[in-house]
Amino acid sequence: MKRSFLLLLIICCATVSIQAQPKKARWTLEECLKYATQNNIAVQQADLMQKISKNTYLQSKLNVLPTVSANAAYSFDFGYSINPTNYTYIQQNSQIFSPSGQVNLTLFSGLQQINTIKKDKYDLLGYNSDYLNSINTTALNVTNLFLQVVLNKELVKVAQKQVDISQSQLDVARARIKAGMLAESAVYDFDAQLARDQAAVISQQNSVDISLLVLQIALQLPDQQGFDIIVPEVNVGSVMAFDKLNVREVYQYALQNQPSIKAAQARVMSALYSIKVARGTLSPTFSVSYNIRDNYFDKATSSPTYSFNNGVLTVIPGAPVDFRNQFDQNLSHGVSFNMSLPIFTGWQRMTAVANAQLQYKIQELNVENANNSLRKDVYQAFTNARGNAETYVANLKALDSQKMAYETAKKRFDAGLAAAYELQQVQDNLARTESNTVQAKYNYIFSVKVLDFYQGKTITLN
């Protein structure tokens, strides 16, 4: 009975343990890109700056509306005080309540409000472009890291293939030694080669784990056990015909569509309207105000009355005035028109205008710098893609030749015409050439994706 209970407990614990293990997450490139655009820190920061700019733009439009304010004051005076309703003195403790309201509307201020709206509009366009540029930069970075994982996984396959070849050679060598066709010392060379190839597999698998960790961090993923990617079927097909691709046209397209350029251009326009805003401060300001106010005094009384009776003057004191009647009697309101003319403020306004003009020139230089940087990036991307294509083709040819050299060396070894170290040397050359070819393949693929990016194409490995 106890054994049955223990066996049942072990089975239950094992089942819970299996269920508690996290499900292995395998991500496609599209899923990585989608997640990165929503969770990358740089993208989130750009999105927040965009939202701040949007609020600023909305506020600049609301600033053209009149401002409305309300005030209220309450005071308790001890002893000698003034009646605010008739400005007479009394010698009593008293209370005063004074509410008021005001509406102000700026009629003209050198078009500062209008130009501020336009300035903030271009600021918003600039931050919108920054946000898109951050997404694009993140997408390129994630694609590069994703391809690095794919490359390392391919290199693991290449290394494992060499292990299989070395194991096969070791088995053949042992059989030939047993048959007396090969010296017994030859087995040590093959055994050492197998150990080196197995170490290469372990090293390359470590590279896979590291590249997966780097990709996971770039995605801002929390610590997740078993994070992995789905390796797509990447077929290079025919190499791009670079002689048919006009790099100048690629640059012109990027110049018209890249968010980094649009952001710089928007900030030039923002700086232009900043000059107009600064110049507007030199203009007089015209505004209109509406004021309403009231008073309540707890010692207020109505006016006294006088009567003559048989030549005697009788004074009848006024009766206390209640809260409601005081508000009706003391209410006052009026409209005022105001003008403010700046005459001299320590040259501050002129300095602001001069600085705004200098900022405009800085933004113009930023546009020129962005254009030059984009031109360099596009031409460099084109040169890299063309060079990587040529390197890939050359490695393919070298791989074909190396395979033939390996087959020849293997036949010579099988016929007893070559030593073991000669075969191993050719095998090492084959492994190195296969690794170089795989690296050249993915270098070419990524460089082509960069060119596609500048041509406005969606990043995909299909």
# chains A, B, ... in the order shown; residues from 1 in each chain; ligands from 1

$ residues_around --residues "Ser60 (chain A)" --least-positions-apart "2" --cutoff "12 Å" --atoms "only C-alpha atoms" --output "PDB file with N, CA, C and O atoms, in the first residue's frame"
ATOM      1  N   SER A  53       4.956  66.144 -28.274  1.00  0.00           N
ATOM      2  CA  SER A  53       4.856  67.146 -29.335  1.00  0.00           C
ATOM      3  C   SER A  53       3.406  67.317 -29.786  1.00  0.00           C
ATOM      4  O   SER A  53       2.969  68.435 -30.101  1.00  0.00           O
ATOM      5  N   LYS A  54       2.663  66.225 -29.816  1.00  0.00           N
ATOM      6  CA  LYS A  54       1.251  66.309 -30.196  1.00  0.00           C
ATOM      7  C   LYS A  54       0.470  67.144 -29.187  1.00  0.00           C
ATOM      8  O   LYS A  54      -0.381  67.966 -29.562  1.00  0.00           O
ATOM      9  N   ASN A  55       0.761  66.958 -27.910  1.00  0.00           N
ATOM     10  CA  ASN A  55       0.094  67.761 -26.871  1.00  0.00           C
ATOM     11  C   ASN A  55       0.474  69.231 -26.992  1.00  0.00           C
ATOM     12  O   ASN A  55      -0.365  70.118 -26.815  1.00  0.00           O
ATOM     13  N   THR A  56       1.746  69.487 -27.286  1.00  0.00           N
ATOM     14  CA  THR A  56       2.203  70.874 -27.445  1.00  0.00           C
ATOM     15  C   THR A  56       1.505  71.547 -28.625  1.00  0.00           C
ATOM     16  O   THR A  56       1.099  72.714 -28.549  1.00  0.00           O
ATOM     17  N   TYR A  57       1.362  70.815 -29.718  1.00  0.00           N
ATOM     18  CA  TYR A  57       0.685  71.348 -30.905  1.00  0.00           C
ATOM     19  C   TYR A  57      -0.785  71.657 -30.603  1.00  0.00           C
ATOM     20  O   TYR A  57      -1.307  72.716 -30.987  1.00  0.00           O
ATOM     21  N   LEU A  58      -1.441  70.745 -29.876  1.00  0.00           N
ATOM     22  CA  LEU A  58      -2.837  70.986 -29.500  1.00  0.00           C
ATOM     23  C   LEU A  58      -2.950  72.204 -28.594  1.00  0.00           C
ATOM     24  O   LEU A  58      -3.857  73.038 -28.764  1.00  0.00           O
ATOM     25  N   LEU A  62      -5.088  75.761 -28.847  1.00  0.00           N
ATOM     26  CA  LEU A  62      -6.032  76.189 -27.814  1.00  0.00           C
ATOM     27  C   LEU A  62      -5.681  77.561 -27.246  1.00  0.00           C
ATOM     28  O   LEU A  62      -6.543  78.227 -26.657  1.00  0.00           O
ATOM     29  N   ASN A  63      -4.438  77.973 -27.410  1.00  0.00           N
ATOM     30  CA  ASN A  63      -4.011  79.270 -26.862  1.00  0.00           C
ATOM     31  C   ASN A  63      -4.674  80.463 -27.539  1.00  0.00           C
ATOM     32  O   ASN A  63      -4.612  81.577 -27.020  1.00  0.00           O
ATOM     33  N   VAL A  64      -5.273  80.241 -28.713  1.00  0.00           N
ATOM     34  CA  VAL A  64      -5.959  81.359 -29.381  1.00  0.00           C
ATOM     35  C   VAL A  64      -7.325  81.615 -28.757  1.00  0.00           C
ATOM     36  O   VAL A  64      -7.955  82.644 -29.040  1.00  0.00           O
ATOM     37  N   LEU A  65      -7.810  80.708 -27.929  1.00  0.00           N
ATOM     38  CA  LEU A  65      -9.097  80.898 -27.268  1.00  0.00           C
ATOM     39  C   LEU A  65      -8.954  81.880 -26.113  1.00  0.00           C
ATOM     40  O   LEU A  65      -7.860  82.075 -25.580  1.00  0.00           O
ATOM     41  N   GLN A 112       2.078  86.022 -33.256  1.00  0.00           N
ATOM     42  CA  GLN A 112       2.864  85.031 -32.523  1.00  0.00           C
ATOM     43  C   GLN A 112       2.092  83.724 -32.353  1.00  0.00           C
ATOM     44  O   GLN A 112       2.663  82.634 -32.488  1.00  0.00           O
ATOM     45  N   GLN A 113       0.813  83.821 -32.047  1.00  0.00           N
ATOM     46  CA  GLN A 113       0.037  82.603 -31.816  1.00  0.00           C
ATOM     47  C   GLN A 113      -0.096  81.772 -33.095  1.00  0.00           C
ATOM     48  O   GLN A 113       0.064  80.550 -33.076  1.00  0.00           O
ATOM     49  N   ILE A 114      -0.367  82.440 -34.212  1.00  0.00           N
ATOM     50  CA  ILE A 114      -0.507  81.720 -35.482  1.00  0.00           C
ATOM     51  C   ILE A 114       0.811  81.068 -35.873  1.00  0.00           C
ATOM     52  O   ILE A 114       0.859  79.893 -36.282  1.00  0.00           O
ATOM     53  N   ASN A 115       1.896  81.811 -35.755  1.00  0.00           N
ATOM     54  CA  ASN A 115       3.200  81.257 -36.132  1.00  0.00           C
ATOM     55  C   ASN A 115       3.655  80.161 -35.162  1.00  0.00           C
ATOM     56  O   ASN A 115       4.356  79.233 -35.573  1.00  0.00           O
ATOM     57  N   THR A 116       3.253  80.284 -33.903  1.00  0.00           N
ATOM     58  CA  THR A 116       3.574  79.219 -32.949  1.00  0.00           C
ATOM     59  C   THR A 116       2.849  77.929 -33.316  1.00  0.00           C
ATOM     60  O   THR A 116       3.416  76.828 -33.203  1.00  0.00           O
ATOM     61  N   ILE A 117       1.601  78.052 -33.746  1.00  0.00           N
ATOM     62  CA  ILE A 117       0.856  76.866 -34.193  1.00  0.00           C
ATOM     63  C   ILE A 117       1.584  76.192 -35.359  1.00  0.00           C
ATOM     64  O   ILE A 117       1.761  74.958 -35.381  1.00  0.00           O
ATOM     65  N   LYS A 118       2.020  76.985 -36.332  1.00  0.00           N
ATOM     66  CA  LYS A 118       2.715  76.409 -37.488  1.00  0.00           C
ATOM     67  C   LYS A 118       4.063  75.802 -37.080  1.00  0.00           C
ATOM     68  O   LYS A 118       4.461  74.744 -37.587  1.00  0.00           O
ATOM     69  N   LYS A 119       4.747  76.481 -36.170  1.00  0.00           N
ATOM     70  CA  LYS A 119       6.023  75.943 -35.685  1.00  0.00           C
ATOM     71  C   LYS A 119       5.811  74.596 -35.002  1.00  0.00           C
ATOM     72  O   LYS A 119       6.525  73.623 -35.272  1.00  0.00           O
ATOM     73  N   ASP A 120       4.823  74.518 -34.106  1.00  0.00           N
ATOM     74  CA  ASP A 120       4.567  73.277 -33.384  1.00  0.00           C
ATOM     75  C   ASP A 120       4.072  72.175 -34.322  1.00  0.00           C
ATOM     76  O   ASP A 120       4.302  70.980 -34.063  1.00  0.00           O
ATOM     77  N   LYS A 121       3.413  72.560 -35.396  1.00  0.00           N
ATOM     78  CA  LYS A 121       2.975  71.571 -36.385  1.00  0.00           C
ATOM     79  C   LYS A 121       4.188  70.893 -37.025  1.00  0.00           C
ATOM     80  O   LYS A 121       4.226  69.661 -37.166  1.00  0.00           O
ATOM     81  N   ASP A 123       7.179  70.796 -35.738  1.00  0.00           N
ATOM     82  CA  ASP A 123       7.841  70.018 -34.677  1.00  0.00           C
ATOM     83  C   ASP A 123       7.215  68.630 -34.566  1.00  0.00           C
ATOM     84  O   ASP A 123       7.918  67.624 -34.413  1.00  0.00           O
ATOM     85  N   LEU A 124       5.880  68.582 -34.629  1.00  0.00           N
ATOM     86  CA  LEU A 124       5.186  67.301 -34.562  1.00  0.00           C
ATOM     87  C   LEU A 124       5.547  66.420 -35.754  1.00  0.00           C
ATOM     88  O   LEU A 124       5.776  65.211 -35.600  1.00  0.00           O
TER      89      LEU A 124
END

$ residues_around --residues "Leu107 (chain A)" --least-positions-apart "5" --cutoff "8 Å" --atoms "only C-alpha atoms" --output "ChimeraX atom specification"
/A:285-288

$ write_last_selection --atoms "C-alpha atoms" --output "compact mmCIF listing (two decimals), in the first residue's frame"
# COMPACT_ATOMS: atom_id res chain seq x y z
CA THR A 285 -0.15 93.56 -28.32
CA PHE A 286 -3.87 94.38 -28.36
CA SER A 287 -6.31 92.57 -26.11
CA VAL A 288 -9.82 92.93 -24.71

$ residues_around --residues "Phe344 (chain A)" --least-positions-apart "5" --cutoff "12 Å" --atoms "only C-alpha atoms" --output "ChimeraX atom specification"
/A:281-282,349-350

$ write_last_selection --atoms "N, CA, C and O atoms" --output "PDB file, in the first residue's frame"
ATOM      1  N   THR A 281       7.366  89.348 -31.191  1.00  0.00           N
ATOM      2  CA  THR A 281       7.478  89.975 -29.866  1.00  0.00           C
ATOM      3  C   THR A 281       7.811  91.456 -29.964  1.00  0.00           C
ATOM      4  O   THR A 281       7.685  92.181 -28.968  1.00  0.00           O
ATOM      5  N   LEU A 282       8.261  91.928 -31.128  1.00  0.00           N
ATOM      6  CA  LEU A 282       8.552  93.357 -31.317  1.00  0.00           C
ATOM      7  C   LEU A 282       7.291  94.161 -31.598  1.00  0.00           C
ATOM      8  O   LEU A 282       7.325  95.394 -31.597  1.00  0.00           O
ATOM      9  N   ARG A 349      14.548  90.962 -26.861  1.00  0.00           N
ATOM     10  CA  ARG A 349      13.787  90.537 -28.037  1.00  0.00           C
ATOM     11  C   ARG A 349      14.661  90.493 -29.275  1.00  0.00           C
ATOM     12  O   ARG A 349      14.548  89.559 -30.100  1.00  0.00           O
ATOM     13  N   MET A 350      15.543  91.445 -29.448  1.00  0.00           N
ATOM     14  CA  MET A 350      16.429  91.449 -30.610  1.00  0.00           C
ATOM     15  C   MET A 350      17.409  90.273 -30.537  1.00  0.00           C
ATOM     16  O   MET A 350      17.744  89.647 -31.557  1.00  0.00           O
TER      17      MET A 350
END

$ closest_residue --among "A:Ser75, A:Asn144, A:Thr345, A:Asn206" --to "Leu33 (chain A)" --atoms "only C-alpha atoms"
A:Asn144

$ residues_around --residues "region 403-413 of chain A" --least-positions-apart "4" --cutoff "8 Å" --atoms "only C-alpha atoms" --output "PyMOL selection string"
chain A and resi 399+417-420+422-423+426-427+430

$ closest_residue --among "A:Ser203, A:Glu154, A:Met181, A:Ser109" --to "Asp414 (chain A)" --atoms "only C-alpha atoms"
A:Met181

$ select_by_dssp --residues "region 274-401 of chain A" --states "helix (DSSP H, G or I)" --output "count of residues only"
69

$ atom_distance --atom1 "CA of Tyr87 (chain A)" --atom2 "CA of Asn104 (chain A)"
28.9 Å

$ closest_residue --among "A:Val103, A:Phe97, A:Ala352, A:Asn429" --to "His333 (chain A)" --atoms "only C-alpha atoms"
A:Val103

$ closest_residue --among "A:Asn235, A:Ser447, A:Thr301, A:Gln169" --to "Tyr421 (chain A)" --atoms "only C-alpha atoms"
A:Gln169

$ closest_residue --among "A:Ile217, A:Ala36, A:Val158, A:Ala199" --to "Asn436 (chain A)" --atoms "only C-alpha atoms"
A:Val158

$ atom_distance --atom1 "CA of Ser435 (chain A)" --atom2 "CA of Thr383 (chain A)"
22.9 Å

$ closest_atom_pairs --of "region 105-208 of chain A" --to "region 219-223 of chain A" --cutoff "12 Å" --atoms "only C-alpha atoms" --output "JSON lines"
{"residue": "A:Thr138", "atom": "CA", "partner": "A:Leu219", "partner_atom": "CA", "distance": 9.2}
{"residue": "A:Ala139", "atom": "CA", "partner": "A:Leu219", "partner_atom": "CA", "distance": 10.3}
{"residue": "A:Asn141", "atom": "CA", "partner": "A:Leu219", "partner_atom": "CA", "distance": 10.1}
{"residue": "A:Val142", "atom": "CA", "partner": "A:Leu219", "partner_atom": "CA", "distance": 7.7}
{"residue": "A:Thr143", "atom": "CA", "partner": "A:Leu219", "partner_atom": "CA", "distance": 11.1}
{"residue": "A:Leu145", "atom": "CA", "partner": "A:Leu219", "partner_atom": "CA", "distance": 10.2}
{"residue": "A:Phe146", "atom": "CA", "partner": "A:Leu219", "partner_atom": "CA", "distance": 10.6}

$ residues_around --residues "Arg26 (chain A)" --least-positions-apart "3" --cutoff "9 Å" --atoms "only C-alpha atoms" --output "PDB file with all heavy atoms, in the first residue's frame"
ATOM      1  N   GLY A 226      14.333  28.731 -23.170  1.00  0.00           N
ATOM      2  CA  GLY A 226      14.014  28.080 -24.436  1.00  0.00           C
ATOM      3  C   GLY A 226      13.702  29.030 -25.569  1.00  0.00           C
ATOM      4  O   GLY A 226      13.061  28.630 -26.545  1.00  0.00           O
ATOM      5  N   PHE A 227      14.120  30.287 -25.462  1.00  0.00           N
ATOM      6  CA  PHE A 227      13.876  31.220 -26.563  1.00  0.00           C
ATOM      7  C   PHE A 227      14.639  30.759 -27.798  1.00  0.00           C
ATOM      8  O   PHE A 227      15.826  30.430 -27.735  1.00  0.00           O
ATOM      9  CB  PHE A 227      14.309  32.630 -26.174  1.00  0.00           C
ATOM     10  CG  PHE A 227      14.283  33.604 -27.322  1.00  0.00           C
ATOM     11  CD1 PHE A 227      13.082  34.116 -27.780  1.00  0.00           C
ATOM     12  CD2 PHE A 227      15.461  33.997 -27.947  1.00  0.00           C
ATOM     13  CE1 PHE A 227      13.059  35.012 -28.837  1.00  0.00           C
ATOM     14  CE2 PHE A 227      15.438  34.889 -28.998  1.00  0.00           C
ATOM     15  CZ  PHE A 227      14.239  35.399 -29.441  1.00  0.00           C
ATOM     16  N   ASP A 228      13.956  30.733 -28.926  1.00  0.00           N
ATOM     17  CA  ASP A 228      14.586  30.275 -30.161  1.00  0.00           C
ATOM     18  C   ASP A 228      13.863  30.922 -31.335  1.00  0.00           C
ATOM     19  O   ASP A 228      12.842  31.586 -31.165  1.00  0.00           O
ATOM     20  CB  ASP A 228      14.519  28.746 -30.257  1.00  0.00           C
ATOM     21  CG  ASP A 228      15.604  28.183 -31.183  1.00  0.00           C
ATOM     22  OD1 ASP A 228      16.296  28.994 -31.841  1.00  0.00           O
ATOM     23  OD2 ASP A 228      15.751  26.950 -31.253  1.00  0.00           O
ATOM     24  N   ILE A 229      14.401  30.715 -32.506  1.00  0.00           N
ATOM     25  CA  ILE A 229      13.794  31.271 -33.716  1.00  0.00           C
ATOM     26  C   ILE A 229      13.423  30.136 -34.663  1.00  0.00           C
ATOM     27  O   ILE A 229      13.929  29.018 -34.545  1.00  0.00           O
ATOM     28  CB  ILE A 229      14.743  32.252 -34.436  1.00  0.00           C
ATOM     29  CG1 ILE A 229      15.955  31.505 -35.000  1.00  0.00           C
ATOM     30  CG2 ILE A 229      15.155  33.384 -33.525  1.00  0.00           C
ATOM     31  CD1 ILE A 229      16.792  32.327 -35.957  1.00  0.00           C
ATOM     32  N   ILE A 230      12.528  30.436 -35.575  1.00  0.00           N
ATOM     33  CA  ILE A 230      12.201  29.516 -36.653  1.00  0.00           C
ATOM     34  C   ILE A 230      13.089  29.875 -37.844  1.00  0.00           C
ATOM     35  O   ILE A 230      12.983  30.975 -38.393  1.00  0.00           O
ATOM     36  CB  ILE A 230      10.716  29.608 -37.033  1.00  0.00           C
ATOM     37  CG1 ILE A 230       9.840  29.205 -35.842  1.00  0.00           C
ATOM     38  CG2 ILE A 230      10.404  28.739 -38.241  1.00  0.00           C
ATOM     39  CD1 ILE A 230       8.354  29.343 -36.098  1.00  0.00           C
TER      40      ILE A 230
END

$ select_by_dssp --residues "region 261-352 of chain A" --states "strand (DSSP E)" --output "PyMOL selection string"
chain A and resi 285-293+296-297+305-309+312-316+332-340

$ residues_around --residues "Ser332 (chain A)" --least-positions-apart "4" --cutoff "10 Å" --atoms "only C-alpha atoms" --output "PyMOL selection string"
chain A and resi 100+291-295+327-328

$ residues_around --residues "Ile82 (chain A)" --least-positions-apart "4" --cutoff "12 Å" --atoms "only C-alpha atoms" --output "VMD selection string"
chain A and resid 75 to 78 86 to 96 297 to 300

$ write_last_selection --atoms "N, CA and C atoms" --output "CSV table (one decimal), in the first residue's frame"
chain,number,residue,atom,x,y,z
A,75,SER,N,-12.2,87.7,4.0
A,75,SER,CA,-11.4,88.2,5.1
A,75,SER,C,-12.2,88.5,6.3
A,76,PHE,N,-11.6,88.4,7.4
A,76,PHE,CA,-12.2,88.7,8.7
A,76,PHE,C,-11.4,89.7,9.4
A,77,ASP,N,-12.0,90.9,9.6
A,77,ASP,CA,-11.3,92.0,10.1
A,77,ASP,C,-11.7,92.3,11.6
A,78,PHE,N,-10.7,92.6,12.4
A,78,PHE,CA,-11.0,92.8,13.8
A,78,PHE,C,-10.9,94.3,14.1
A,86,ASN,N,-19.8,101.1,0.8
A,86,ASN,CA,-19.9,102.6,0.7
A,86,ASN,C,-18.7,103.3,1.2
A,87,TYR,N,-17.6,102.5,1.5
A,87,TYR,CA,-16.3,103.1,1.9
A,87,TYR,C,-16.4,104.0,3.2
A,88,THR,N,-17.2,103.6,4.1
A,88,THR,CA,-17.3,104.2,5.4
A,88,THR,C,-16.6,103.4,6.4
A,89,TYR,N,-16.2,104.1,7.5
A,89,TYR,CA,-15.4,103.4,8.6
A,89,TYR,C,-16.4,102.9,9.6
A,90,ILE,N,-16.0,101.7,10.1
A,90,ILE,CA,-16.8,101.1,11.2
A,90,ILE,C,-15.8,100.6,12.3
A,91,GLN,N,-16.3,100.5,13.5
A,91,GLN,CA,-15.4,100.0,14.6
A,91,GLN,C,-16.1,98.7,15.1
A,92,GLN,N,-16.2,97.7,14.3
A,92,GLN,CA,-16.7,96.4,14.7
A,92,GLN,C,-15.9,95.3,13.9
A,93,ASN,N,-16.0,94.2,14.5
A,93,ASN,CA,-15.4,93.0,13.7
A,93,ASN,C,-16.3,92.8,12.5
A,94,SER,N,-15.7,92.5,11.4
A,94,SER,CA,-16.5,92.3,10.2
A,94,SER,C,-15.9,91.3,9.3
A,95,GLN,N,-16.8,90.8,8.3
A,95,GLN,CA,-16.4,89.8,7.3
A,95,GLN,C,-16.7,90.3,6.0
A,96,ILE,N,-15.8,90.0,5.0
A,96,ILE,CA,-16.0,90.5,3.7
A,96,ILE,C,-15.8,89.3,2.7
A,297,PHE,N,-20.7,92.3,2.5
A,297,PHE,CA,-20.1,92.8,3.8
A,297,PHE,C,-21.2,92.5,4.8
A,298,ASP,N,-20.8,91.8,5.9
A,298,ASP,CA,-21.8,91.3,6.8
A,298,ASP,C,-22.4,92.5,7.7
A,299,LYS,N,-21.7,93.7,7.7
A,299,LYS,CA,-22.2,94.8,8.5
A,299,LYS,C,-22.9,95.8,7.6
A,300,ALA,N,-23.1,95.5,6.4
A,300,ALA,CA,-23.8,96.4,5.5
A,300,ALA,C,-25.2,96.7,5.9

$ closest_residue --among "A:Ala179, A:Met240, A:Leu147, A:Val250" --to "Lys457 (chain A)" --atoms "only C-alpha atoms"
A:Val250
